[in-house]
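Student: Shown below is the structure under consideration.
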Amino acid sequence: MNKVYADARSALAGLLKDGMTIMAGGFGLCGIPEALILAIRESGVKNLTVVSNNCGIDGVGLGILLDSRQIKKMISSYVGENKTFMQQYLAGELEIEFNPQGTLAERIRAGGAGIPAFFTRTGYGTQIAEGKETHEFEGERYVMERGLVADLSIIHAYRGDTEGNLAYRKTARNFNPPMATAGKVTVAEVENLVRPGDINPDHIVTPGIYVQRIIHLPDATKHIEQRTVRKRQKADAPAGAGQET
């Protein structure tokens with residue numbers, strides 16, 4: 001089975017349809033599958049439900065799908081970096097299903113593991129728990145959360161082989177690994193594509209059985225949402241300068 005495709009457009013061919021659910025890896029802009037997101041925008045598919053930690057920023061990452069109004073609903077845990085997101089939500093043009101971040105991660109992991117639901121204390125007694133089943137365990141109240149499964153998962157990996165075995169780099173190992181398991185079809189963009197056997201088996205995070213299609217993206221752009229740097233300090237005066245002798 002040849003899993004390697006020439007580009008993002010061909011890798012998504014036959015997979016996209018209106019109204020589908022897509023999981024998109026990344027945390028902020030770190031480890032996002034940017035080429036695949038761009039190909040989704042160019043396809044024109046609409047009324048999407050997107051599961052992602054956030055929705056990028058204005059004009060970058062998933063934010064471009066908001067600009068083109070292709071997203072109908074977001075299942076997220078954080079949306080604070082995107083003005084377009086706020087505007088569409090307040091205008092009633094975008095549905096949001098908020099999750100505590102750990103709950104979102106566990107819902108994705110559960111979906112990939114075949115677990116339909118689980119109980120957690122997080123969110124009990126808040127708006128998060130409204131309309132959900134609750135249960136008492138050992139004197140504590142828990143809220144039931146459902147596992148998540150997507151029609152398509154799009155993820156980004158630092159290194160992968162042609163069989164789909166993947167390894168991630170530092171913070172980019174965020175929502176990508178669990179999402180790779182929770183998609184009915186998973187498409188990965190890989191910065192460094194190698195031959196089978198070139199990755200130490202102990203370093204493989206996502207086994208190739210979870211990945212159906214791959215694109216090689218050696219020049220991936222690494223965005224930074226908010227660049228924070230220390231103000232430049234004036235050079236120290238030479239020793240003794242300005243001192244009386």
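Residue numbering restarts at 1 in every chain; chains get A, B, ... in the order shown in the structure tokens, and ligands count up from 1 in that same order.
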Fewer than 3 positions away in the same chain doesn't count, so skip those; otherwise give me all residues within 9 Å of A:Pro196, counting only C-alpha atoms, as a PDB file with N, CA and C atoms, in the first residue's frame.

Tutor:
ATOM      1  N   GLY A 160       8.672  10.886   9.870  1.00  0.00           N
ATOM      2  CA  GLY A 160       7.833   9.734   9.598  1.00  0.00           C
ATOM      3  C   GLY A 160       8.451   8.895   8.504  1.00  0.00           C
ATOM      4  N   ASP A 161       8.089   7.609   8.468  1.00  0.00           N
ATOM      5  CA  ASP A 161       8.553   6.784   7.356  1.00  0.00           C
ATOM      6  C   ASP A 161       7.409   6.524   6.390  1.00  0.00           C
ATOM      7  N   THR A 162       7.708   5.886   5.293  1.00  0.00           N
ATOM      8  CA  THR A 162       6.714   5.713   4.235  1.00  0.00           C
ATOM      9  C   THR A 162       5.609   4.732   4.616  1.00  0.00           C
ATOM     10  N   GLU A 163       5.762   4.041   5.752  1.00  0.00           N
ATOM     11  CA  GLU A 163       4.704   3.165   6.262  1.00  0.00           C
ATOM     12  C   GLU A 163       3.760   3.908   7.205  1.00  0.00           C
ATOM     13  N   GLY A 164       4.080   5.179   7.501  1.00  0.00           N
ATOM     14  CA  GLY A 164       3.201   5.968   8.356  1.00  0.00           C
ATOM     15  C   GLY A 164       3.568   5.990   9.823  1.00  0.00           C
ATOM     16  N   ASN A 165       4.685   5.377  10.198  1.00  0.00           N
ATOM     17  CA  ASN A 165       5.151   5.480  11.588  1.00  0.00           C
ATOM     18  C   ASN A 165       5.651   6.899  11.834  1.00  0.00           C
ATOM     19  N   ILE A 199      13.655   4.931  11.668  1.00  0.00           N
ATOM     20  CA  ILE A 199      13.260   5.505  12.951  1.00  0.00           C
ATOM     21  C   ILE A 199      13.415   4.432  14.014  1.00  0.00           C
TER      22      ILE A 199
END

Student: So that I can check the surroundings of stretch 2-19 of chain A, please list as a PyMOL selection string every protein, DNA and RNA residue that reaches within 9 Å of it, counting only C-alpha atoms and ignoring chain neighbours fewer than 3 positions away.

Tutor: chain A and resi 35-40+42-49+72+151-152+162-164+185+187+189+211-217

Student: Select, from A:Leu94, A:Ala167, A:Leu104, A:Ala172, the residue with the minimum atom-to-atom distance to A:Gly28, counting only C-alpha atoms.

Tutor: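 Closest to A:Gly28 of all the choices is A:Ala172.
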
Student: Just asking: which residues within stretch 115-147 of chain A are strand (DSSP E) according to DSSP, as a PDB file with C-alpha atoms, in the first residue's frame?

Tutor:
ATOM      1  CA  ALA A 117     -17.916   7.567  27.223  1.00  0.00           C
ATOM      2  CA  PHE A 118     -16.208   8.202  30.566  1.00  0.00           C
ATOM      3  CA  PHE A 119     -16.846  10.069  33.822  1.00  0.00           C
ATOM      4  CA  THR A 120     -14.799  13.011  35.096  1.00  0.00           C
ATOM      5  CA  THR A 134     -23.954  12.703  36.131  1.00  0.00           C
ATOM      6  CA  HIS A 135     -23.176   9.969  38.630  1.00  0.00           C
ATOM      7  CA  GLU A 136     -21.816   9.628  42.138  1.00  0.00           C
ATOM      8  CA  PHE A 137     -18.700   7.576  42.832  1.00  0.00           C
ATOM      9  CA  GLU A 140     -18.048  12.569  44.626  1.00  0.00           C
ATOM     10  CA  ARG A 141     -20.169  13.712  41.672  1.00  0.00           C
ATOM     11  CA  TYR A 142     -18.916  13.117  38.150  1.00  0.00           C
ATOM     12  CA  VAL A 143     -20.125  14.206  34.716  1.00  0.00           C
ATOM     13  CA  MET A 144     -20.217  11.867  31.736  1.00  0.00           C
ATOM     14  CA  GLU A 145     -18.340  12.921  28.597  1.00  0.00           C
ATOM     15  CA  ARG A 146     -18.540  11.198  25.218  1.00  0.00           C
TER      16      ARG A 146
END

Student: Measuring atom to atom with only C-alpha atoms, identify which of A:Gly59, A:Gly102, A:Pro201, A:Pro218 is nearest to A:His156.

Tutor: A:Pro218

Student: Give me, as a short mmCIF file (atom, residue, chain, number, x, y, z; two decimals) with all heavy atoms, in the first residue's frame, all polymer residues having an atom no more than 9 Å from stretch 96-100 of chain A, counting only C-alpha atoms and skipping those fewer than 5 positions away in the same chain.

Tutor:
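Output below, filename selection38.cif:
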data_model
loop_
_atom_site.label_atom_id
_atom_site.label_comp_id
_atom_site.auth_asym_id
_atom_site.auth_seq_id
_atom_site.Cartn_x
_atom_site.Cartn_y
_atom_site.Cartn_z
N LYS A 72 -18.86 25.27 10.50
CA LYS A 72 -20.17 25.47 11.12
C LYS A 72 -20.08 25.38 12.64
O LYS A 72 -20.76 26.11 13.36
CB LYS A 72 -21.16 24.43 10.60
CG LYS A 72 -22.54 24.49 11.23
CD LYS A 72 -23.44 23.37 10.73
CE LYS A 72 -24.80 23.40 11.40
NZ LYS A 72 -25.67 22.29 10.94
N LYS A 73 -19.23 24.45 13.13
CA LYS A 73 -19.15 24.22 14.57
C LYS A 73 -17.72 23.90 14.96
O LYS A 73 -17.02 23.18 14.26
CB LYS A 73 -20.06 23.05 14.97
CG LYS A 73 -20.03 22.70 16.45
CD LYS A 73 -20.96 21.53 16.76
CE LYS A 73 -20.93 21.14 18.23
NZ LYS A 73 -21.85 20.02 18.54
N MET A 74 -17.29 24.46 16.11
CA MET A 74 -15.98 24.16 16.68
C MET A 74 -16.16 23.43 18.00
O MET A 74 -16.97 23.82 18.84
CB MET A 74 -15.18 25.44 16.93
CG MET A 74 -14.59 26.08 15.70
SD MET A 74 -13.33 25.06 14.88
CE MET A 74 -12.16 24.76 16.22
N ILE A 75 -15.42 22.34 18.19
CA ILE A 75 -15.31 21.66 19.48
C ILE A 75 -13.91 21.94 19.98
O ILE A 75 -12.93 21.39 19.46
CB ILE A 75 -15.58 20.15 19.34
CG1 ILE A 75 -16.98 19.91 18.75
CG2 ILE A 75 -15.44 19.45 20.69
CD1 ILE A 75 -17.31 18.45 18.49
N SER A 76 -13.78 22.84 20.96
CA SER A 76 -12.49 23.40 21.34
C SER A 76 -12.38 23.58 22.84
O SER A 76 -13.36 23.42 23.57
CB SER A 76 -12.29 24.77 20.67
OG SER A 76 -12.38 24.70 19.28
N SER A 77 -11.17 23.96 23.27
CA SER A 77 -10.98 24.31 24.67
C SER A 77 -10.47 25.73 24.85
O SER A 77 -10.47 26.25 25.96
CB SER A 77 -10.00 23.33 25.34
OG SER A 77 -8.75 23.37 24.70
N TYR A 78 -10.06 26.37 23.76
CA TYR A 78 -9.52 27.73 23.86
C TYR A 78 -9.73 28.46 22.53
O TYR A 78 -9.43 27.91 21.47
CB TYR A 78 -8.03 27.71 24.20
CG TYR A 78 -7.40 29.08 24.28
CD1 TYR A 78 -7.75 29.95 25.31
CD2 TYR A 78 -6.49 29.51 23.33
CE1 TYR A 78 -7.19 31.22 25.39
CE2 TYR A 78 -5.93 30.78 23.41
CZ TYR A 78 -6.28 31.63 24.44
OH TYR A 78 -5.74 32.88 24.51
N TYR A 89 -19.19 33.97 16.35
CA TYR A 89 -19.95 33.36 17.45
C TYR A 89 -21.00 34.33 17.99
O TYR A 89 -22.17 33.95 18.17
CB TYR A 89 -18.99 32.95 18.57
CG TYR A 89 -19.71 32.48 19.82
CD1 TYR A 89 -20.47 31.32 19.82
CD2 TYR A 89 -19.64 33.22 21.01
CE1 TYR A 89 -21.14 30.90 20.96
CE2 TYR A 89 -20.30 32.80 22.15
CZ TYR A 89 -21.05 31.64 22.12
OH TYR A 89 -21.71 31.24 23.24
N ALA A 105 -8.84 16.49 25.50
CA ALA A 105 -7.79 15.52 25.18
C ALA A 105 -8.25 14.10 25.48
O ALA A 105 -8.01 13.16 24.69
CB ALA A 105 -6.52 15.84 25.97
N THR A 122 -14.17 16.98 36.42
CA THR A 122 -13.97 18.31 35.84
C THR A 122 -15.24 18.81 35.19
O THR A 122 -15.83 18.14 34.34
CB THR A 122 -12.85 18.26 34.80
OG1 THR A 122 -11.66 17.73 35.39
CG2 THR A 122 -12.57 19.64 34.25
N GLY A 123 -15.67 19.99 35.59
CA GLY A 123 -16.85 20.61 34.99
C GLY A 123 -18.14 20.36 35.72
O GLY A 123 -19.15 21.00 35.40
N ILE A 128 -20.58 23.54 31.82
CA ILE A 128 -20.04 22.43 31.05
C ILE A 128 -20.88 21.17 31.22
O ILE A 128 -21.03 20.36 30.31
CB ILE A 128 -18.57 22.14 31.48
CG1 ILE A 128 -17.66 23.32 31.10
CG2 ILE A 128 -18.06 20.85 30.86
CD1 ILE A 128 -17.52 23.55 29.62
#

Student: Between atom CA of A:Glu81 and atom CA of A:Gln101, what distance in Å does the model show, to one decimal?

Tutor: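 Distance reported for this atom pair: 15.7 Å.
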
Student: Determine, counting only C-alpha atoms, which protein, DNA and RNA residues have an atom within 9 Å of an atom of A:Ile57; residues of the same chain fewer than 2 positions away are not included. Present the result as number ranges by chain.

Tutor: A: 28-29, 54-55, 59-64, 79-85, 225

Student: Those selected residues, please, written with C-alpha atoms and delivered as an mmCIF file, in the first residue's frame.

Tutor:
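Saved file part_30.cif follows:
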data_model
loop_
_atom_site.group_PDB
_atom_site.id
_atom_site.type_symbol
_atom_site.label_atom_id
_atom_site.label_comp_id
_atom_site.auth_asym_id
_atom_site.auth_seq_id
_atom_site.Cartn_x
_atom_site.Cartn_y
_atom_site.Cartn_z
ATOM 1 C CA GLY A 28 -1.977 27.271 19.129
ATOM 2 C CA LEU A 29 0.063 27.359 15.927
ATOM 3 C CA ASN A 54 -8.240 26.201 19.239
ATOM 4 C CA CYS A 55 -9.024 27.774 15.887
ATOM 5 C CA GLY A 59 -5.595 34.496 8.783
ATOM 6 C CA VAL A 60 -3.378 31.619 9.960
ATOM 7 C CA GLY A 61 -4.099 27.940 10.585
ATOM 8 C CA LEU A 62 -7.757 27.064 11.033
ATOM 9 C CA GLY A 63 -8.446 30.796 11.021
ATOM 10 C CA ILE A 64 -8.468 30.713 7.223
ATOM 11 C CA VAL A 79 -10.501 30.448 21.366
ATOM 12 C CA GLY A 80 -8.857 33.573 22.738
ATOM 13 C CA GLU A 81 -6.527 34.440 19.840
ATOM 14 C CA ASN A 82 -9.058 34.861 17.047
ATOM 15 C CA LYS A 83 -11.231 37.964 16.553
ATOM 16 C CA THR A 84 -13.060 36.405 13.598
ATOM 17 C CA PHE A 85 -14.052 33.497 15.834
ATOM 18 C CA GLU A 225 1.419 33.611 17.876
#

Student: If you run DSSP on the backbone, which residues of chain A are alpha helix (DSSP H), as a PyMOL selection string?

Tutor: chain A and resi 8-11+34-43+63-67+83-90+101-112+176-182
